[in-house]
Amino acid sequence: VQLQASGGGLVQAGGSLRLSCAASGGPLSLYSVGWFRQAPGKEREFVGVTSWGGGVTNLADSVKGRFTISRDNAKKTADLQMNSLNPEDTAVYYCAATRGRFSSGHNSLHPNSFAYWGQGTLVTVSS
């Protein structure tokens with residue numbers, strides 16, 4: 001499966017952005033889709049995941065209550081809605097996919113759990 005992330009940009013603190021991950025080459029319904037982010041000089045960080053087969057969505061504690069993940073298997077897209085953004089959310093955001101499934105409670109996943117990656121999209125939050 002190939003992934004393409006889009007929707008990044010510049011936003012003021014307190015604002016919102018919606019990122020989209022478009023999949024091709026395979027049925028998205030059989031893949032869990034994760035979102036990660038990487039700020040300059042930092043390691044890639046788990047943001048959230050939507051698991052296939054049951055609709056389970058897990059989010060990192062740092063974004064709970066502000067970010068949501070949704071998916072549309074028919075359109076082969078998985079979106080990351082980001083609200084109440086702050087400068088600490090500034091990073092390159094990546095979507096990734098895996099055939100693995102995740103139960104609730106997986107609020108921290110390693111990037112190695114995902115085999116397929118899209119290119120990143122830059123999100124910059126100004127103060």
# chains A, B, ... in the order shown; residues from 1 in each chain; ligands from 1

$ residues_around --residues "A:Ser113" --least-positions-apart "2" --cutoff "10 Å" --atoms "only C-alpha atoms" --output "MDAnalysis selection string"
chainID A and resid 34 96:100 109:111 115:116

$ write_last_selection --atoms "N, CA and C atoms" --output "PDB file, in the first residue's frame"
ATOM      1  N   GLY A  34      -1.616   4.675  11.304  1.00  0.00           N
ATOM      2  CA  GLY A  34      -1.079   5.456  12.407  1.00  0.00           C
ATOM      3  C   GLY A  34      -0.596   6.822  11.950  1.00  0.00           C
ATOM      4  N   ALA A  96       1.214   6.250   8.491  1.00  0.00           N
ATOM      5  CA  ALA A  96       1.847   4.952   8.293  1.00  0.00           C
ATOM      6  C   ALA A  96       0.782   3.869   8.380  1.00  0.00           C
ATOM      7  N   ALA A  97       1.063   2.725   7.818  1.00  0.00           N
ATOM      8  CA  ALA A  97       0.082   1.644   7.812  1.00  0.00           C
ATOM      9  C   ALA A  97       0.741   0.321   8.169  1.00  0.00           C
ATOM     10  N   THR A  98      -0.077  -0.552   8.729  1.00  0.00           N
ATOM     11  CA  THR A  98       0.376  -1.883   9.074  1.00  0.00           C
ATOM     12  C   THR A  98      -0.797  -2.840   8.994  1.00  0.00           C
ATOM     13  N   ARG A  99      -0.506  -4.114   8.750  1.00  0.00           N
ATOM     14  CA  ARG A  99      -1.577  -5.110   8.763  1.00  0.00           C
ATOM     15  C   ARG A  99      -1.933  -5.512  10.188  1.00  0.00           C
ATOM     16  N   GLY A 100      -1.147  -5.071  11.127  1.00  0.00           N
ATOM     17  CA  GLY A 100      -1.455  -5.405  12.507  1.00  0.00           C
ATOM     18  C   GLY A 100      -2.701  -4.706  13.016  1.00  0.00           C
ATOM     19  N   LEU A 109       2.926   3.665  20.428  1.00  0.00           N
ATOM     20  CA  LEU A 109       3.433   2.648  19.520  1.00  0.00           C
ATOM     21  C   LEU A 109       4.757   3.092  18.919  1.00  0.00           C
ATOM     22  N   HIS A 110       5.623   2.124  18.670  1.00  0.00           N
ATOM     23  CA  HIS A 110       6.918   2.422  18.065  1.00  0.00           C
ATOM     24  C   HIS A 110       6.767   2.488  16.555  1.00  0.00           C
ATOM     25  N   PRO A 111       7.504   3.375  15.918  1.00  0.00           N
ATOM     26  CA  PRO A 111       7.424   3.447  14.449  1.00  0.00           C
ATOM     27  C   PRO A 111       7.702   2.109  13.768  1.00  0.00           C
ATOM     28  N   ALA A 115       4.885  -0.787   8.664  1.00  0.00           N
ATOM     29  CA  ALA A 115       5.748  -1.146   7.541  1.00  0.00           C
ATOM     30  C   ALA A 115       5.674  -0.161   6.378  1.00  0.00           C
ATOM     31  N   TYR A 116       4.582   0.551   6.291  1.00  0.00           N
ATOM     32  CA  TYR A 116       4.358   1.416   5.135  1.00  0.00           C
ATOM     33  C   TYR A 116       4.240   2.857   5.612  1.00  0.00           C
TER      34      TYR A 116
END

$ closest_residue --among "A:Leu3, A:Val125, A:Val11, A:Cys21" --to "A:Glu88" --atoms "only C-alpha atoms"
A:Val125

$ residues_around --residues "A:Val56" --least-positions-apart "2" --cutoff "9 Å" --atoms "only C-alpha atoms" --output "list in words"
Val49, Thr50, Ser51, Trp52, Gly53, Gly54, Asn58, Arg101, Phe102, Ser103 and Ser104 of chain A

$ select_by_dssp --residues "stretch 12-124 of chain A" --states "strand (DSSP E)" --output "JSON, numbers by chain"
{"A": [12, 17, 18, 19, 20, 21, 22, 23, 24, 32, 33, 34, 35, 36, 37, 38, 45, 46, 47, 48, 49, 50, 57, 58, 59, 67, 68, 69, 70, 71, 72, 77, 78, 79, 80, 81, 82, 91, 92, 93, 94, 95, 96, 97, 98, 116, 117, 121, 122, 123, 124]}

$ closest_residue --among "A:Val123, A:Asn86, A:Gly48, A:Thr68" --to "A:His106" --atoms "only C-alpha atoms"
A:Gly48

$ residues_around --residues "A:Gly120" --least-positions-apart "3" --cutoff "8 Å" --atoms "only C-alpha atoms" --output "PDB file with C-alpha atoms, in the first residue's frame"
ATOM      1  CA  ALA A   5      -0.222  12.679   3.580  1.00  0.00           C
ATOM      2  CA  SER A   6      -1.509  16.178   2.986  1.00  0.00           C
ATOM      3  CA  VAL A  92       6.485  16.983  10.284  1.00  0.00           C
ATOM      4  CA  TYR A  93       3.501  14.645  10.466  1.00  0.00           C
ATOM      5  CA  TYR A  94       3.601  11.211   8.875  1.00  0.00           C
ATOM      6  CA  CYS A  95       0.945   8.614   8.260  1.00  0.00           C
TER       7      CYS A  95
END

$ residues_around --residues "A:Ser84" --least-positions-apart "2" --cutoff "10 Å" --atoms "only C-alpha atoms" --output "list in words"
Gln12, Ala13, Gly14, Gly15, Ser16, Leu17, Val63, Gly65, Arg66, Phe67, Met82, Asn86 and Asp89 of chain A

$ closest_residue --among "A:Asn83, A:Ser62, A:Gly55, A:Thr121" --to "A:Tyr31" --atoms "only C-alpha atoms"
A:Gly55

$ atom_distance --atom1 "atom CA of A:Ser29" --atom2 "atom CA of A:Ile69"
14.8 Å

$ atom_distance --atom1 "atom CA of A:Asn107" --atom2 "atom CA of A:Leu80"
15.3 Å

$ closest_residue --among "A:Leu28, A:Gly105, A:Ala91, A:Ser127" --to "A:Gly41" --atoms "only C-alpha atoms"
A:Ala91

$ select_by_dssp --residues "chain A" --states "helix (DSSP H, G or I)" --output "list of chain:residue names"
A:Leu28, A:Ser29, A:Leu30, A:Pro87, A:Glu88, A:Asp89, A:Pro111, A:Asn112, A:Ser113

$ closest_residue --among "A:Gln4, A:Gln81, A:Thr90, A:Asn73" --to "A:Leu19" --atoms "only C-alpha atoms"
A:Gln81

$ atom_distance --atom1 "atom CA of A:Pro87" --atom2 "atom CA of A:Leu59"
18.8 Å
